Structure formats: structure tokens, C-alpha cells
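Colleague: Pasting start08.pdb here (PDB, C-alpha atoms):
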```
ATOM      1  CA  MET A 219      21.489  16.108 -77.654
ATOM      2  CA  ARG A 220      23.795  19.129 -77.813
ATOM      3  CA  GLU A 221      25.292  18.223 -74.429
ATOM      4  CA  PHE A 222      25.846  14.645 -75.585
ATOM      5  CA  LEU A 223      27.673  15.813 -78.721
ATOM      6  CA  VAL A 224      29.940  18.083 -76.689
ATOM      7  CA  VAL A 225      30.928  15.150 -74.466
ATOM      8  CA  VAL A 226      31.542  12.862 -77.455
ATOM      9  CA  LEU A 227      33.709  15.451 -79.217
ATOM     10  CA  LEU A 228      35.796  16.131 -76.127
ATOM     11  CA  LEU A 229      36.353  12.445 -75.426
ATOM     12  CA  ALA A 230      37.355  11.971 -79.058
ATOM     13  CA  ALA A 231      39.900  14.761 -78.651
ATOM     14  CA  CYS A 232      41.278  13.055 -75.550
ATOM     15  CA  ALA A 233      41.617   9.798 -77.464
ATOM     16  CA  ALA A 234      43.432  11.647 -80.259
ATOM     17  CA  GLY A 235      46.001  12.996 -77.840
ATOM     18  CA  ALA A 236      44.758  16.355 -76.561
ATOM     19  CA  CYS A 237      44.285  14.806 -73.130
ATOM     20  CA  LYS A 238      46.691  11.920 -73.701
ATOM     21  CA  LEU A 239      47.774   9.783 -70.770
ATOM     22  CA  SER A 240      50.811   7.561 -70.705
ATOM     23  CA  ALA A 241      49.960   4.040 -71.823
ATOM     24  CA  GLN A 242      52.024   2.739 -68.956
ATOM     25  CA  GLY A 243      50.345   4.996 -66.390
ATOM     26  CA  PRO A 244      52.204   7.039 -63.783
ATOM     27  CA  GLN A 245      55.368   5.812 -62.147
ATOM     28  CA  ARG A 246      54.842   4.526 -58.624
ATOM     29  CA  ASP A 247      56.992   4.371 -55.544
ATOM     30  CA  LYS A 248      57.420   1.225 -53.452
ATOM     31  CA  SER A 249      54.216   1.955 -51.519
ATOM     32  CA  GLY A 250      52.127   2.183 -54.704
ATOM     33  CA  THR A 251      51.647   5.948 -54.490
ATOM     34  CA  ALA A 252      51.325   7.553 -57.919
ATOM     35  CA  MET A 253      54.381   9.606 -58.872
ATOM     36  CA  LYS A 254      54.761  12.677 -61.077
ATOM     37  CA  ARG A 255      56.341  11.869 -64.436
ATOM     38  CA  GLY A 256      59.984  12.848 -64.573
ATOM     39  CA  ALA A 257      60.093  13.865 -60.904
ATOM     40  CA  GLY A 258      60.865  12.171 -57.663
ATOM     41  CA  ALA A 259      58.098  13.752 -55.580
ATOM     42  CA  PRO A 260      54.767  11.927 -55.237
ATOM     43  CA  GLU A 261      51.661  13.595 -56.644
ATOM     44  CA  VAL A 262      48.316  13.504 -54.862
ATOM     45  CA  ALA A 263      47.677   9.948 -53.664
ATOM     46  CA  ARG A 264      44.803   8.119 -55.357
ATOM     47  CA  ARG A 265      43.311   4.738 -54.449
ATOM     48  CA  GLU A 266      40.869   2.606 -56.399
ATOM     49  CA  ALA A 267      38.334   0.030 -55.271
ATOM     50  CA  ARG A 268      35.189  -1.616 -56.581
ATOM     51  CA  LEU A 269      31.804  -1.537 -54.889
ATOM     52  CA  ALA A 270      30.809  -5.053 -53.910
ATOM     53  CA  GLU A 271      27.106  -4.111 -54.004
ATOM     54  CA  LYS A 272      25.939  -5.448 -57.380
ATOM     55  CA  GLY A 273      22.724  -3.437 -57.131
ATOM     56  CA  VAL A 274      24.699  -0.225 -57.673
ATOM     57  CA  ASP A 275      25.238   0.131 -61.425
ATOM     58  CA  GLU A 276      24.474   3.840 -61.958
ATOM     59  CA  SER A 277      25.960   5.524 -58.902
ATOM     60  CA  SER A 278      24.680   9.076 -59.202
ATOM     61  CA  GLY A 279      25.390  10.570 -55.772
ATOM     62  CA  VAL A 280      27.678   9.882 -52.827
ATOM     63  CA  VAL A 281      28.103  11.325 -49.333
ATOM     64  CA  ALA A 282      30.037  10.489 -46.171
ATOM     65  CA  SER A 283      28.030   9.086 -43.272
ATOM     66  CA  ARG A 284      27.878  11.341 -40.208
ATOM     67  CA  ARG A 285      26.685   8.545 -37.917
ATOM     68  CA  ALA A 286      29.238   5.912 -38.931
ATOM     69  CA  PRO A 287      32.606   7.549 -39.703
ATOM     70  CA  GLY A 288      34.397   5.772 -42.532
ATOM     71  CA  LEU A 289      31.184   4.709 -44.278
ATOM     72  CA  PHE A 290      29.409   6.283 -47.237
ATOM     73  CA  TRP A 291      25.996   6.368 -48.913
ATOM     74  CA  THR A 292      25.182   6.135 -52.610
ATOM     75  CA  HIS A 293      22.115   5.604 -54.809
ATOM     76  CA  ASN A 294      21.366   4.831 -58.429
ATOM     77  CA  ASP A 295      20.172   7.173 -61.144
ATOM     78  CA  SER A 296      16.653   6.857 -62.591
ATOM     79  CA  GLY A 297      15.360   3.312 -63.013
ATOM     80  CA  ASP A 298      15.949   2.105 -59.468
ATOM     81  CA  GLY A 299      13.547   2.401 -56.550
ATOM     82  CA  PRO A 300      13.986   4.699 -53.530
ATOM     83  CA  PHE A 301      17.023   2.805 -52.225
ATOM     84  CA  LEU A 302      20.239   3.845 -50.497
ATOM     85  CA  TYR A 303      23.351   1.682 -50.364
ATOM     86  CA  ALA A 304      25.982   1.908 -47.629
ATOM     87  CA  PHE A 305      29.630   0.958 -48.230
ATOM     88  CA  ASP A 306      33.082   1.546 -46.788
ATOM     89  CA  ALA A 307      36.240   3.015 -48.344
ATOM     90  CA  GLU A 308      37.297  -0.444 -49.531
ATOM     91  CA  GLY A 309      33.991  -0.922 -51.349
ATOM     92  CA  HIS A 310      32.552  -3.500 -48.932
ATOM     93  CA  ARG A 311      28.775  -3.422 -48.722
ATOM     94  CA  ARG A 312      27.136  -2.237 -45.510
ATOM     95  CA  GLY A 313      23.471  -2.663 -46.317
ATOM     96  CA  VAL A 314      20.488  -1.444 -48.306
ATOM     97  CA  TRP A 315      17.781   0.940 -47.070
ATOM     98  CA  ARG A 316      14.437   1.883 -48.572
ATOM     99  CA  VAL A 317      13.649   5.564 -48.003
ATOM    100  CA  THR A 318      10.238   5.434 -46.350
ATOM    101  CA  GLY A 319       7.598   7.527 -48.094
ATOM    102  CA  ALA A 320       9.834   8.552 -51.030
ATOM    103  CA  ARG A 321       9.415   8.069 -54.750
ATOM    104  CA  ALA A 322      12.297   7.816 -57.222
ATOM    105  CA  VAL A 323      11.603   9.658 -60.475
ATOM    106  CA  ASP A 324      15.138  10.830 -61.293
ATOM    107  CA  TRP A 325      17.399  10.720 -58.257
ATOM    108  CA  GLU A 326      20.612  12.605 -59.016
ATOM    109  CA  ASP A 327      22.470  13.447 -55.804
ATOM    110  CA  ILE A 328      22.629  13.020 -52.043
ATOM    111  CA  ALA A 329      23.828  15.345 -49.282
ATOM    112  CA  ALA A 330      24.156  15.385 -45.498
ATOM    113  CA  GLY A 331      23.319  18.207 -43.127
ATOM    114  CA  PRO A 332      21.289  19.359 -40.158
ATOM    115  CA  GLY A 333      17.517  19.095 -40.046
ATOM    116  CA  PRO A 334      14.487  19.928 -37.920
ATOM    117  CA  GLU A 335      15.774  18.122 -34.812
ATOM    118  CA  PRO A 336      18.909  19.852 -33.446
ATOM    119  CA  GLY A 337      21.998  17.675 -33.096
ATOM    120  CA  ARG A 338      20.650  14.916 -35.313
ATOM    121  CA  PRO A 339      22.263  14.267 -38.742
ATOM    122  CA  TYR A 340      19.947  14.131 -41.746
ATOM    123  CA  LEU A 341      20.290  12.884 -45.299
ATOM    124  CA  TYR A 342      18.854  14.758 -48.284
ATOM    125  CA  VAL A 343      18.185  12.970 -51.577
ATOM    126  CA  GLY A 344      17.700  15.131 -54.669
ATOM    127  CA  ASP A 345      15.014  13.906 -57.067
ATOM    128  CA  ILE A 346      15.992  16.838 -59.284
ATOM    129  CA  GLY A 347      16.717  15.403 -62.732
ATOM    130  CA  ASP A 348      14.589  16.834 -65.526
ATOM    131  CA  ASN A 349      16.161  16.177 -68.918
ATOM    132  CA  GLY A 350      13.018  17.334 -70.720
ATOM    133  CA  ARG A 351      12.697  20.459 -68.536
ATOM    134  CA  GLU A 352       9.020  19.719 -68.003
ATOM    135  CA  ARG A 353       8.543  18.946 -64.301
ATOM    136  CA  PRO A 354       6.433  21.615 -62.544
ATOM    137  CA  TYR A 355       8.457  20.975 -59.405
ATOM    138  CA  VAL A 356      11.279  18.715 -58.251
ATOM    139  CA  SER A 357      11.688  17.128 -54.842
ATOM    140  CA  VAL A 358      14.292  16.800 -52.118
ATOM    141  CA  TYR A 359      13.649  14.093 -49.529
ATOM    142  CA  ARG A 360      14.918  14.797 -46.007
ATOM    143  CA  PHE A 361      15.046  12.152 -43.273
ATOM    144  CA  PRO A 362      17.174  11.234 -40.241
ATOM    145  CA  GLU A 363      20.289   9.376 -41.284
ATOM    146  CA  PRO A 364      20.040   5.667 -40.421
ATOM    147  CA  GLU A 365      23.001   4.040 -38.728
ATOM    148  CA  PRO A 366      24.753   1.414 -40.852
ATOM    149  CA  ALA A 367      26.832  -1.177 -39.066
ATOM    150  CA  ALA A 368      30.458  -0.061 -38.828
ATOM    151  CA  GLY A 369      31.841  -3.573 -38.391
ATOM    152  CA  GLY A 370      33.628  -5.619 -41.016
ATOM    153  CA  ALA A 371      30.905  -8.190 -41.707
ATOM    154  CA  ASP A 372      28.630  -7.727 -44.721
ATOM    155  CA  ASP A 373      25.103  -6.606 -43.933
ATOM    156  CA  ASP A 374      22.644  -9.177 -45.322
ATOM    157  CA  SER A 375      19.975  -6.697 -46.454
ATOM    158  CA  ARG A 376      19.115  -6.545 -50.154
ATOM    159  CA  ARG A 377      16.683  -4.597 -52.313
ATOM    160  CA  LYS A 378      14.208  -7.448 -51.862
ATOM    161  CA  ARG A 379      14.560  -7.230 -48.080
ATOM    162  CA  PRO A 380      15.908  -3.763 -47.256
ATOM    163  CA  HIS A 381      16.100  -1.901 -43.992
ATOM    164  CA  GLU A 382      13.692   1.022 -43.705
ATOM    165  CA  THR A 383      14.650   4.607 -42.944
ATOM    166  CA  GLY A 384      12.529   6.885 -40.819
ATOM    167  CA  PRO A 385       9.715   8.713 -42.660
ATOM    168  CA  ALA A 386      11.019  11.105 -45.308
ATOM    169  CA  GLU A 387       9.792  14.690 -45.598
ATOM    170  CA  GLU A 388       9.276  15.763 -49.214
ATOM    171  CA  ILE A 389      10.485  19.319 -49.891
ATOM    172  CA  ARG A 390       9.023  20.450 -53.216
ATOM    173  CA  LEU A 391      10.982  23.023 -55.189
ATOM    174  CA  LYS A 392      10.473  25.090 -58.327
ATOM    175  CA  TYR A 393      12.747  27.514 -60.151
ATOM    176  CA  PRO A 394      11.755  31.163 -60.599
ATOM    177  CA  GLU A 395      12.486  30.994 -64.365
ATOM    178  CA  GLY A 396      10.684  27.703 -64.999
ATOM    179  CA  PRO A 397      11.852  24.053 -65.134
ATOM    180  CA  GLN A 398      15.590  23.335 -65.181
ATOM    181  CA  ASN A 399      17.678  20.190 -65.367
ATOM    182  CA  ALA A 400      20.075  19.589 -62.474
ATOM    183  CA  GLU A 401      22.190  16.783 -61.041
ATOM    184  CA  THR A 402      23.850  18.508 -58.085
ATOM    185  CA  LEU A 403      22.387  18.920 -54.605
ATOM    186  CA  LEU A 404      24.312  20.648 -51.800
ATOM    187  CA  VAL A 405      23.288  21.192 -48.186
ATOM    188  CA  HIS A 406      25.252  23.546 -45.974
ATOM    189  CA  THR A 407      26.694  21.622 -43.060
ATOM    190  CA  SER A 408      25.713  24.140 -40.366
ATOM    191  CA  THR A 409      22.768  26.162 -41.714
ATOM    192  CA  GLY A 410      20.960  23.367 -43.553
ATOM    193  CA  ASP A 411      20.386  25.687 -46.538
ATOM    194  CA  ILE A 412      19.662  23.723 -49.719
ATOM    195  CA  TYR A 413      21.497  24.477 -52.986
ATOM    196  CA  ILE A 414      20.881  23.138 -56.480
ATOM    197  CA  VAL A 415      23.415  23.679 -59.269
ATOM    198  CA  VAL A 416      21.901  23.607 -62.750
ATOM    199  CA  LYS A 417      23.542  21.496 -65.458
ATOM    200  CA  ASN A 418      24.271  22.982 -68.887
ATOM    201  CA  ASN A 419      27.050  23.265 -71.462
ATOM    202  CA  GLU A 420      27.346  27.041 -71.291
ATOM    203  CA  ALA A 421      30.266  28.927 -69.748
ATOM    204  CA  ALA A 422      28.319  29.414 -66.506
ATOM    205  CA  CYS A 423      25.431  27.707 -64.764
ATOM    206  CA  ALA A 424      23.009  29.086 -62.191
ATOM    207  CA  VAL A 425      23.044  28.161 -58.520
ATOM    208  CA  TYR A 426      19.754  28.234 -56.603
ATOM    209  CA  ARG A 427      19.099  28.237 -52.866
ATOM    210  CA  LEU A 428      16.320  27.579 -50.390
ATOM    211  CA  ARG A 429      17.120  28.737 -46.873
ATOM    212  CA  ALA A 430      16.385  26.124 -44.226
ATOM    213  CA  ALA A 431      14.317  28.599 -42.224
ATOM    214  CA  GLU A 432      12.035  29.156 -45.243
ATOM    215  CA  VAL A 433      11.107  25.522 -45.963
ATOM    216  CA  LYS A 434       7.331  25.192 -45.970
ATOM    217  CA  ALA A 435       4.630  22.739 -46.988
ATOM    218  CA  GLY A 436       3.597  22.916 -50.622
ATOM    219  CA  VAL A 437       5.926  24.104 -53.375
ATOM    220  CA  ASN A 438       8.883  26.299 -52.404
ATOM    221  CA  THR A 439      10.308  28.758 -54.921
ATOM    222  CA  LEU A 440      14.087  28.748 -55.084
ATOM    223  CA  GLU A 441      16.086  31.969 -55.249
ATOM    224  CA  ARG A 442      19.188  32.519 -57.309
ATOM    225  CA  ALA A 443      22.311  32.542 -55.120
ATOM    226  CA  GLY A 444      25.052  32.879 -57.723
ATOM    227  CA  GLU A 445      26.599  31.059 -60.646
ATOM    228  CA  PHE A 446      29.413  28.628 -61.264
ATOM    229  CA  ARG A 447      31.827  29.333 -64.114
ATOM    230  CA  SER A 448      33.551  26.108 -65.040
ATOM    231  CA  PRO A 449      37.083  26.079 -66.483
ATOM    232  CA  SER A 450      36.201  22.873 -68.356
ATOM    233  CA  PRO A 451      35.958  22.824 -72.167
ATOM    234  CA  LEU A 452      32.715  20.890 -71.644
ATOM    235  CA  GLY A 453      31.037  23.961 -70.201
ATOM    236  CA  SER A 454      29.202  23.756 -66.904
ATOM    237  CA  ILE A 455      27.959  20.186 -67.221
ATOM    238  CA  VAL A 456      27.980  19.721 -63.451
ATOM    239  CA  THR A 457      27.018  16.202 -62.379
ATOM    240  CA  GLY A 458      27.589  16.155 -58.611
ATOM    241  CA  GLY A 459      28.989  17.976 -55.614
ATOM    242  CA  ASP A 460      29.351  18.332 -51.872
ATOM    243  CA  ILE A 461      30.028  20.954 -49.198
ATOM    244  CA  ALA A 462      32.995  20.166 -46.951
ATOM    245  CA  PRO A 463      32.300  19.311 -43.299
ATOM    246  CA  ASP A 464      33.952  22.602 -42.266
ATOM    247  CA  GLY A 465      31.375  24.545 -44.326
ATOM    248  CA  ARG A 466      34.072  26.668 -46.017
ATOM    249  CA  ARG A 467      34.770  24.623 -49.140
ATOM    250  CA  LEU A 468      32.727  22.886 -51.776
ATOM    251  CA  VAL A 469      33.485  20.558 -54.641
ATOM    252  CA  LEU A 470      31.671  20.090 -57.941
ATOM    253  CA  CYS A 471      32.403  17.530 -60.639
ATOM    254  CA  ASP A 472      31.668  16.881 -64.280
ATOM    255  CA  TYR A 473      32.524  13.911 -66.493
ATOM    256  CA  LEU A 474      36.240  14.801 -66.490
ATOM    257  CA  SER A 475      37.364  16.499 -63.283
ATOM    258  CA  ALA A 476      36.429  18.052 -59.966
ATOM    259  CA  TYR A 477      36.503  21.746 -59.060
ATOM    260  CA  GLU A 478      37.001  23.022 -55.536
ATOM    261  CA  LEU A 479      35.879  26.461 -54.352
ATOM    262  CA  ARG A 480      37.016  27.961 -51.038
ATOM    263  CA  LEU A 481      35.693  30.868 -49.039
ATOM    264  CA  PRO A 482      38.107  33.785 -48.672
ATOM    265  CA  ASP A 483      39.993  33.915 -45.389
ATOM    266  CA  ALA A 484      38.344  37.184 -44.363
ATOM    267  CA  ALA A 485      36.508  36.810 -41.061
ATOM    268  CA  GLY A 486      32.741  36.780 -41.354
ATOM    269  CA  ALA A 487      32.659  35.993 -45.088
ATOM    270  CA  ALA A 488      29.138  34.962 -46.090
ATOM    271  CA  PHE A 489      28.970  31.482 -47.579
ATOM    272  CA  ASP A 490      27.572  32.673 -50.902
ATOM    273  CA  GLN A 491      30.796  34.579 -51.565
ATOM    274  CA  ILE A 492      32.155  31.161 -52.459
ATOM    275  CA  TRP A 493      30.519  31.366 -55.902
ATOM    276  CA  GLN A 494      32.761  34.336 -56.733
ATOM    277  CA  GLN A 495      35.980  32.382 -56.145
ATOM    278  CA  THR A 496      38.200  30.824 -58.797
ATOM    279  CA  PRO A 497      37.876  27.025 -58.822
ATOM    280  CA  ALA A 498      40.913  24.778 -58.378
ATOM    281  CA  VAL A 499      40.927  21.811 -60.766
ATOM    282  CA  ILE A 500      41.321  18.368 -59.181
ATOM    283  CA  GLN A 501      41.936  15.377 -61.432
ATOM    284  CA  LEU A 502      39.744  12.448 -60.441
ATOM    285  CA  GLY A 503      41.151   9.917 -62.887
ATOM    286  CA  PRO A 504      39.628   7.961 -65.786
ATOM    287  CA  ARG A 505      36.050   7.402 -64.648
ATOM    288  CA  ARG A 506      33.678   5.664 -67.058
ATOM    289  CA  GLN A 507      30.935   8.214 -66.379
ATOM    290  CA  GLY A 508      31.466  10.221 -63.243
ATOM    291  CA  GLU A 509      28.395  11.731 -61.648
ATOM    292  CA  ALA A 510      29.204  11.726 -57.931
ATOM    293  CA  VAL A 511      31.803  13.227 -55.611
ATOM    294  CA  CYS A 512      31.982  13.964 -51.881
ATOM    295  CA  TYR A 513      34.409  14.896 -49.136
ATOM    296  CA  ARG A 514      35.662  12.327 -46.702
ATOM    297  CA  LEU A 515      34.388  13.119 -43.225
ATOM    298  CA  ASP A 516      37.741  14.629 -42.195
ATOM    299  CA  GLY A 517      37.675  16.896 -45.264
ATOM    300  CA  ALA A 518      41.180  15.769 -46.300
ATOM    301  CA  ALA A 519      40.182  13.691 -49.324
ATOM    302  CA  LEU A 520      37.521  13.296 -51.993
ATOM    303  CA  LEU A 521      35.562  10.152 -52.832
ATOM    304  CA  ALA A 522      34.214   9.749 -56.359
ATOM    305  CA  THR A 523      32.225   6.978 -57.997
ATOM    306  CA  SER A 524      31.757   5.922 -61.582
ATOM    307  CA  GLU A 525      28.741   4.426 -63.314
ATOM    308  CA  GLY A 526      28.836   0.821 -64.454
ATOM    309  CA  SER A 527      28.891  -2.551 -62.739
ATOM    310  CA  PRO A 528      30.915  -3.102 -60.719
ATOM    311  CA  ALA A 529      30.898   0.570 -59.783
ATOM    312  CA  MET A 530      34.371   2.018 -59.371
ATOM    313  CA  LEU A 531      35.342   4.020 -56.292
ATOM    314  CA  TYR A 532      38.211   6.506 -56.182
ATOM    315  CA  GLU A 533      39.738   8.211 -53.166
ATOM    316  CA  ILE A 534      41.880  11.286 -53.869
ATOM    317  CA  GLU A 535      43.903  12.960 -51.145
ATOM    318  CA  LEU A 536      43.646  16.749 -51.309
ATOM    319  CA  PRO A 537      46.724  18.978 -51.286
ATOM    320  CA  LYS A 538      47.366  20.452 -47.844
TER
END
```
As C-alpha cells, what does this structure read like?

Modeller:
Amino acid sequence: MREFLVVVLLLAACAAGACKLSAQGPQRDKSGTAMKRGAGAPEVARREARLAEKGVDESSGVVASRRAPGLFWTHNDSGDGPFLYAFDAEGHRRGVWRVTGARAVDWEDIAAGPGPEPGRPYLYVGDIGDNGRERPYVSVYRFPEPEPAAGGADDDSRRKRPHETGPAEEIRLKYPEGPQNAETLLVHTSTGDIYIVVKNNEAACAVYRLRAAEVKAGVNTLERAGEFRSPSPLGSIVTGGDIAPDGRRLVLCDYLSAYELRLPDAAGAAFDQIWQQTPAVIQLGPRRQGEAVCYRLDGAALLATSEGSPAMLYEIELPK
């Protein structure tokens, strides 16, 4: 309830003018690129599309496909079954998959990374939501990434007749301090280490890790890897994130913006030094309720979705 009130108060402030946007929107050049107000130079390019898949109405996680460049995966929040939806950057549907052997209690995020079989890309789905902070453990499902069709024609699969993924491995996780609520799952793109970022409205939120080499049957206890200090007036209400394909950057988002962290340039910097860096704020635009963000496969842009039907899709080019 406290988190909900914080969001309501901040959005009310925005409506009153503290975060006021021009009623006419940004000026645009002849190509449609958004322009800075009062300046002739274009700001970061931003495109919008709608997801054609009507079954996606609470997009809660998004990740770029490793097997089909240019395509992406998303899933719904709690209330849907264990389904994944593939789409392209224009929002065209590319099929529906049931994750074999998985349950969907409160799916919150999805990530891509290596897995048990070298050279094969895997998807990780985080069943990590726990609003009541009462689950004795949460689950991450890991399975080989299926290959959606890269062509332009719509895939005819639906939730009633989905494709099936390969069998999913359930990785059970618990926190050392007891149950936590989280909506952000990260997987390092080379090590396969699993990270969960806790969601709260405090100045900082904890980050937990399970090293890939330490995954075992039964319940795995996470270890604390660092904390994220959000510059947002909302506090650290982190709703999604992703690690860049180069493994040296990560992005987190909340209901307002995204925050990018980068490893220092020093050679040999350990990945967990990234939590000590100052985040750069990236404006994602007016999402209805934004809970998902990922890097494009080339790492040069972010993709973000918004809850609602039709689900909105935003592509934001990153500064070079």
C-alpha cells in the first residue's frame, strides 16, 4: 500500500506540472525524429509501436532473442499461464510458446544467457513476485531458447494451440534474510550468473546473486552482491532490467525511467563493481505502467513495453 501511495503522489505531481510535458509534444524533423525543444539538434531517437498479440495485456518482462536477431520475447504478469510471446520491433506477432514443465505463480521478468550446454542460448523466466513476502522460495525456469520464425508472416500459434519449448529446469531460490518481493531478473551474458534486484521504495534496494557454478537441486540460497541506489523520487521501485550483450552494462527501470550502469574502463574490473557506479537516467517516455526493459541485440538501443491492451512498445536509441 505504501508503494502504491508513493506512485500515486508522484504521478499527481507530474500532472500538476512538476514533470510537465508540452501538450504539443516535442518538435520533430522531417524524418519524424524527436527534437530538443528550442534547439536544432535531434535528441535520442524514439519509436513507438503496438504489439499485435492480443494475449499480451500485462507485459512484465522483455528480452532480445539470441537465436532470431531482431525478434523479442515477452510474457504476462500473474494471471496468465506459462506462456511466452515472440514479436518483432514493429510489434508483429511471431508465435506463442508454452514453457514445458513450468508453473506461473507470479512471473515478473525474463532474461537470456548461457546454460548447461556450451554454445547454446537459454532463456530464464523469473517467477519471483511475492507481494505478500510469504513464499518460502521463488523459482527461475531455465530452458533452451526456441527458435521463432524470422520471416514476415504471422505465426498461427495461439495460447489454445501453442508451440512447446524444451523441458524447463526449475531453479529454486531463497533469500538469506527471508522472503522478498522482486520484479527484476538478470543473467550475465557470459558467466550465466543469476541476479535478482529487490523492489522497494527506499533509497536503495538489495541485489542478490547465485553463481551459475553453484546451481544445485533443491533450494539455493542467494548471496548479497550489492545494492542499487536509485536517483528516482519513487525510491528503488525497480520493475525490470537486463544486462547488455557485451556484459559490461546493465539497465534497470521503474514506472518512470530507465537507469543504466556501466563497468569502469579499468581492465579486469569484476562485474559486481557495476553496483558501485552512478546510474545514468534514460527517459523511456509516457508508459502506462512500465515493467519491462531490455537491450536490443546490438546493445545500441533499449526496448521497453507498457502494460495494457494493446501493449505499447518503445525503442530508444542510446547515446553513443

Colleague: Just the residues within 10 Å of Val405 (chain A), please, counting all atoms listed in the file, with nothing from its chain fewer than 3 positions along; format it as a list in words.

Modeller: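 The residues satisfying every condition are Ile328, Ala329, Ala330, Gly331, Pro332, Leu341, Tyr342, Ser408, Thr409, Gly410, Asp411, Ile412, Tyr413, Ile414, Arg427, Leu428, Arg429, Ala430, Gly459, Asp460, Ile461, Ala462 and Gly465 of chain A.
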
Colleague: Specify as a ChimeraX atom specification each residue included when the PyMOL selection byres ((chain A and resi 395) around 10) is applied to this file.

Modeller: /A:392-394,396-398,439-442

Colleague: Please write as a PyMOL selection string the full residue list that the PyMOL selection byres ((chain A and resi 357) around 9) yields on this file.

Modeller: chain A and resi 343-346+355-356+358-359+388-392

Colleague: So, with all atoms listed in the file as the atoms that count, which of A:Leu481, A:Cys512, A:Ala270, A:Ile500 lies closest to Leu403 (chain A)?

Modeller: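 Smallest separation from Leu403 (chain A) among the options: A:Cys512.
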
Colleague: With distances taken over all atoms listed in the file, which residue among A:Pro366, A:Gly436, A:Gly319, A:Pro339 lies nearest Asp306 (chain A)?

Modeller: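 The shortest atom-to-atom distance to Asp306 (chain A) comes from A:Pro366.
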
Colleague: Could you give me region 312-325 of chain A completed to N, CA and C atoms, formatted as an mmCIF file, in the frame of the given file?

Modeller:
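Generated file (rebuild_39.cif):
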```
data_model
loop_
_atom_site.group_PDB
_atom_site.id
_atom_site.type_symbol
_atom_site.label_atom_id
_atom_site.label_comp_id
_atom_site.auth_asym_id
_atom_site.auth_seq_id
_atom_site.Cartn_x
_atom_site.Cartn_y
_atom_site.Cartn_z
ATOM 1 N N ARG A 312 27.563 -2.411 -46.897
ATOM 2 C CA ARG A 312 27.136 -2.237 -45.510
ATOM 3 C C ARG A 312 25.621 -2.121 -45.396
ATOM 4 N N GLY A 313 24.920 -2.568 -46.436
ATOM 5 C CA GLY A 313 23.471 -2.663 -46.317
ATOM 6 C C GLY A 313 22.696 -1.798 -47.293
ATOM 7 N N VAL A 314 21.407 -2.119 -47.400
ATOM 8 C CA VAL A 314 20.488 -1.444 -48.306
ATOM 9 C C VAL A 314 19.305 -0.925 -47.503
ATOM 10 N N TRP A 315 18.907 0.312 -47.751
ATOM 11 C CA TRP A 315 17.781 0.940 -47.070
ATOM 12 C C TRP A 315 16.767 1.452 -48.093
ATOM 13 N N ARG A 316 15.499 1.227 -47.818
ATOM 14 C CA ARG A 316 14.437 1.883 -48.572
ATOM 15 C C ARG A 316 14.083 3.182 -47.853
ATOM 16 N N VAL A 317 14.004 4.277 -48.599
ATOM 17 C CA VAL A 317 13.649 5.564 -48.003
ATOM 18 C C VAL A 317 12.134 5.608 -47.866
ATOM 19 N N THR A 318 11.665 5.550 -46.636
ATOM 20 C CA THR A 318 10.238 5.434 -46.350
ATOM 21 C C THR A 318 9.473 6.671 -46.820
ATOM 22 N N GLY A 319 8.454 6.439 -47.635
ATOM 23 C CA GLY A 319 7.598 7.527 -48.094
ATOM 24 C C GLY A 319 8.120 8.274 -49.296
ATOM 25 N N ALA A 320 9.245 7.842 -49.885
ATOM 26 C CA ALA A 320 9.834 8.552 -51.030
ATOM 27 C C ALA A 320 9.538 7.823 -52.325
ATOM 28 N N ARG A 321 9.474 8.616 -53.402
ATOM 29 C CA ARG A 321 9.415 8.069 -54.750
ATOM 30 C C ARG A 321 10.749 8.357 -55.430
ATOM 31 N N ALA A 322 11.067 7.591 -56.475
ATOM 32 C CA ALA A 322 12.297 7.816 -57.222
ATOM 33 C C ALA A 322 11.947 8.044 -58.690
ATOM 34 N N VAL A 323 11.838 9.310 -59.078
ATOM 35 C CA VAL A 323 11.603 9.658 -60.475
ATOM 36 C C VAL A 323 12.943 9.767 -61.194
ATOM 37 N N ASP A 324 13.803 10.665 -60.725
ATOM 38 C CA ASP A 324 15.138 10.830 -61.293
ATOM 39 C C ASP A 324 16.080 11.322 -60.199
ATOM 40 N N TRP A 325 16.477 10.383 -59.333
ATOM 41 C CA TRP A 325 17.399 10.720 -58.257
ATOM 42 C C TRP A 325 18.773 11.038 -58.846
#
```
